[in-house]
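Data block below; observations after.
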Amino acid sequence: MTPDPTQFNRRTLLSQFGGGMGSIAAATALSSPAFAFDSNAAKIGPHFPAKAKRVIHLFMNGGPFQADLFDPKPALLKYAGQKPEGADLLTERPTGGLLPSPFKFRPGGESGVPVSELLPKLREHIDDICVLRSMHADNPNHGPALLQMNNGTIIPTRPSMGAWFLYGLGTENRNLPGYVVLCPGRPVRFSILWNSAFLPSANQGTYINHSVTDPQKMVPHLRNTQWDQTTQRQQLDLLRQLNADHQATRRDESVLAARTDAMETAYRMQFKASDAFDLNRETKETRTAYGDGHFSNGCLLARRLVERGVRFVQVYYGNGQPWDTHSGHNETVPKLCKDIDQPIAALLSDLKERGLLEDTLIVWGGEFGRTPTSENGNGRDHNHHGFTMWMAGGGVKGGMTYGETDDFGFKAAVDKMHVHDLHATILHLLGLDHEQLTYRHAGRDFRLTDVYGHVVQEILA
């Protein structure tokens, strides 16, 4: 028999939990370390008027080679096979002589900023893009470099930048997570890159496997097949009362508070997530503009999420390090570029047409770059000394380059920009002072930029 929803008490609630998955089971799954939701309670900013309200991070895990795409280096051809002074920097592995890039560059837009022939559609948007040619980091190994780019430090017990964004600003939509990570497969070893560490648990990233496009499969247990909306609401009201009683003597248990919020958000997501994550609601023309494949779907999902108030969306290109070209570099890179060129260009066009680009910051790049010297004859090693990223929208000047690497593209040489500077600048665009956005833990005040970083004013619109 169907239970009478007016007769719920503690005993019936507990006895009937096991029968249906729905929002309660979804909350149990989604408030685990890989998932989190509503962080409005942690909102402390902004410190001043923001130019960007939200961020989309297009993450090229593995590290693209800067001189293939946005930083042409003709000296590589002149000194091909040689290893002159300045081309002998230490990286993770021994490398040989200089290896020229075979790909040609063409000026784009009114600004004339050169962009590789591998990215013809993206070149059309270069007037909206600020190319950061002088990025540098501290470590040439994937693990520490991934942590530094995503968490601000190579130490694995620090909050991710998305967690800091959410902690500082909260989310604009209580029916969806404020911080979503789109990464195909089940990248368990990557989950530390979107954790909240010692920040309140509600600020951690919500991982979504977007290799499937059915919302019911992307979000586990999205629908409750046993209890109707009224019954679920009564369950949650009673659970909140029980948890409030339990937490009354445990006021510092942020995990319990996050679990309670997760149940509420999971309940609301039943009615909102199906819309937000359903790409079939897009027109055929839009789907065609973005193209096929997981990265295309990720870019389109990112637009759908930010327009619904999600604060931070990361789109990972692949599971693993697909840009990690230690061999067969020149054969692999054109395939990778073909996968990203159309969807990124479509994302920029789509955001601009909807009036979202001006307050949505797009960040593109990997955890480091690659060497201008050869590895295995036809590959390139990791290079943290100098690499390229770019930003667009969200208060950034377009149609410009900032900084320079040396003649070979090996090391940042002019207007060097560290990862800490990148984070400080992103926070500034979001209206947050990176020196004031702190959290007291273990006897000291922590921040995303640690004790470093400065805002790069030259790239701000």
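By convention in this document, the chains of the structure tokens carry letters A, B, ... by their order, each chain's residues are numbered from 1, and ligands are numbered from 1 in the order they are shown.
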Check your understanding: Which of segment 66-315 of chain A counts as alpha helix (DSSP H) under DSSP, as an MDAnalysis selection string please?
Key -> chainID A and resid 66:69 75:78 120:123 142:151 161:169 215:218 229:247 254:276 284:290 294:306
Review point. Which neighbours of segment 112-115 of chain A fall inside 8 Å, counting only C-alpha atoms, when residues of the same chain fewer than 2 positions from it are skipped, and could you give them as an MDAnalysis selection string?
Key: chainID A and resid 69:72 105:110 117 119:120 123 126 399:401
Check your understanding: Hey, can you check how far atom CA of Glu353 of chain A sits from atom CA of Leu460 of chain A?
Key -> 21.8 Å
Sort by chain and increasing residue number a table of all residues of segment 302-339 of chain A within 7 Å of segment 168-176 of chain A, each with its closest pair of atoms and their distance in Å to one decimal, counting only C-alpha atoms, and write it as a Markdown table.
```
| residue | atom | partner | partner_atom | distance |
| --- | --- | --- | --- | --- |
| A:Arg308 | CA | A:Asn173 | CA | 6.7 |
| A:Gly309 | CA | A:Glu172 | CA | 4.6 |
| A:Val310 | CA | A:Thr171 | CA | 6.2 |
| A:Arg311 | CA | A:Thr171 | CA | 5.7 |
```
**Study point:** Atom pair atom CA of Pro322 of chain A / atom CA of Met149 of chain A: separation (Å)
**Key:**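 We find that atom CA of Pro322 of chain A and atom CA of Met149 of chain A lie 16.9 Å from each other.
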Revision key, fill the gap. Using only C-alpha atoms, the residue out of A:Gln314, A:Gln436, A:Gln66, A:Ser196 with shortest distance to Tyr167 of chain A is A:Ser196
Go through segment 200-258 of chain A and flag each residue having an atom no more than 10 Å from segment 289-304 of chain A; for those, report the closest pair of atoms plus their distance in Å to one decimal, using only C-alpha atoms, ordered by chain and rising number, as CSV.
```
residue,atom,partner,partner_atom,distance
A:Ile208,CA,A:Gly298,CA,9.9
A:Asn209,CA,A:His294,CA,9.6
A:His210,CA,A:His294,CA,6.7
A:Ser211,CA,A:His294,CA,5.5
A:Val212,CA,A:His294,CA,8.2
A:Thr213,CA,A:Asn297,CA,7.8
```
Practice item. List every residue of segment 100-301 of chain A that DSSP, applied to the backbone of this structure, assigns to strand (DSSP E or B), and report them as a list in words. Key: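 Residues meeting the strand (DSSP E or B) criterion: Phe105, Arg106, Pro107, Gly108, Val113, Pro114, Val115, Ser116, Ile129, Cys130, Val131, Leu132, Arg133, Ser134, Met135, His136, Tyr179, Val180, Val181, Leu182, Thr206, Tyr207 and Ile208 of chain A.
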Exercise for review: Just the residues within 8 Å of Ser101 of chain A, please, counting only C-alpha atoms, with nothing from its chain fewer than 4 positions along; format it as a ChimeraX atom specification.
Suggested key: /A:67-68,76-77,330
Preceding selection exported with N, CA and C atoms as a tab-separated table (two decimals), in the first residue's frame:
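For reference, out-v3.tsv as written:
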```tsv
chain	number	residue	atom	x	y	z
A	67	ALA	N	54.59	27.19	-28.60
A	67	ALA	CA	55.06	27.65	-29.92
A	67	ALA	C	54.32	26.97	-31.07
A	68	ASP	N	53.45	26.03	-30.76
A	68	ASP	CA	52.57	25.44	-31.79
A	68	ASP	C	51.33	26.28	-32.01
A	76	LEU	N	63.52	28.73	-33.69
A	76	LEU	CA	63.60	27.27	-33.58
A	76	LEU	C	64.06	26.64	-34.89
A	77	LEU	N	63.63	27.19	-35.99
A	77	LEU	CA	64.04	26.67	-37.30
A	77	LEU	C	65.49	27.01	-37.57
A	330	ASN	N	54.12	15.94	-33.29
A	330	ASN	CA	53.57	16.62	-34.46
A	330	ASN	C	52.39	15.89	-35.08
```
Review point. Using only C-alpha atoms, which of the listed residues (A:Gln226, A:Thr95, A:Thr332, A:Gln321) sits closest to Pro372 of chain A?
Key: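 Ranked by minimum distance to Pro372 of chain A, first place goes to A:Thr95.
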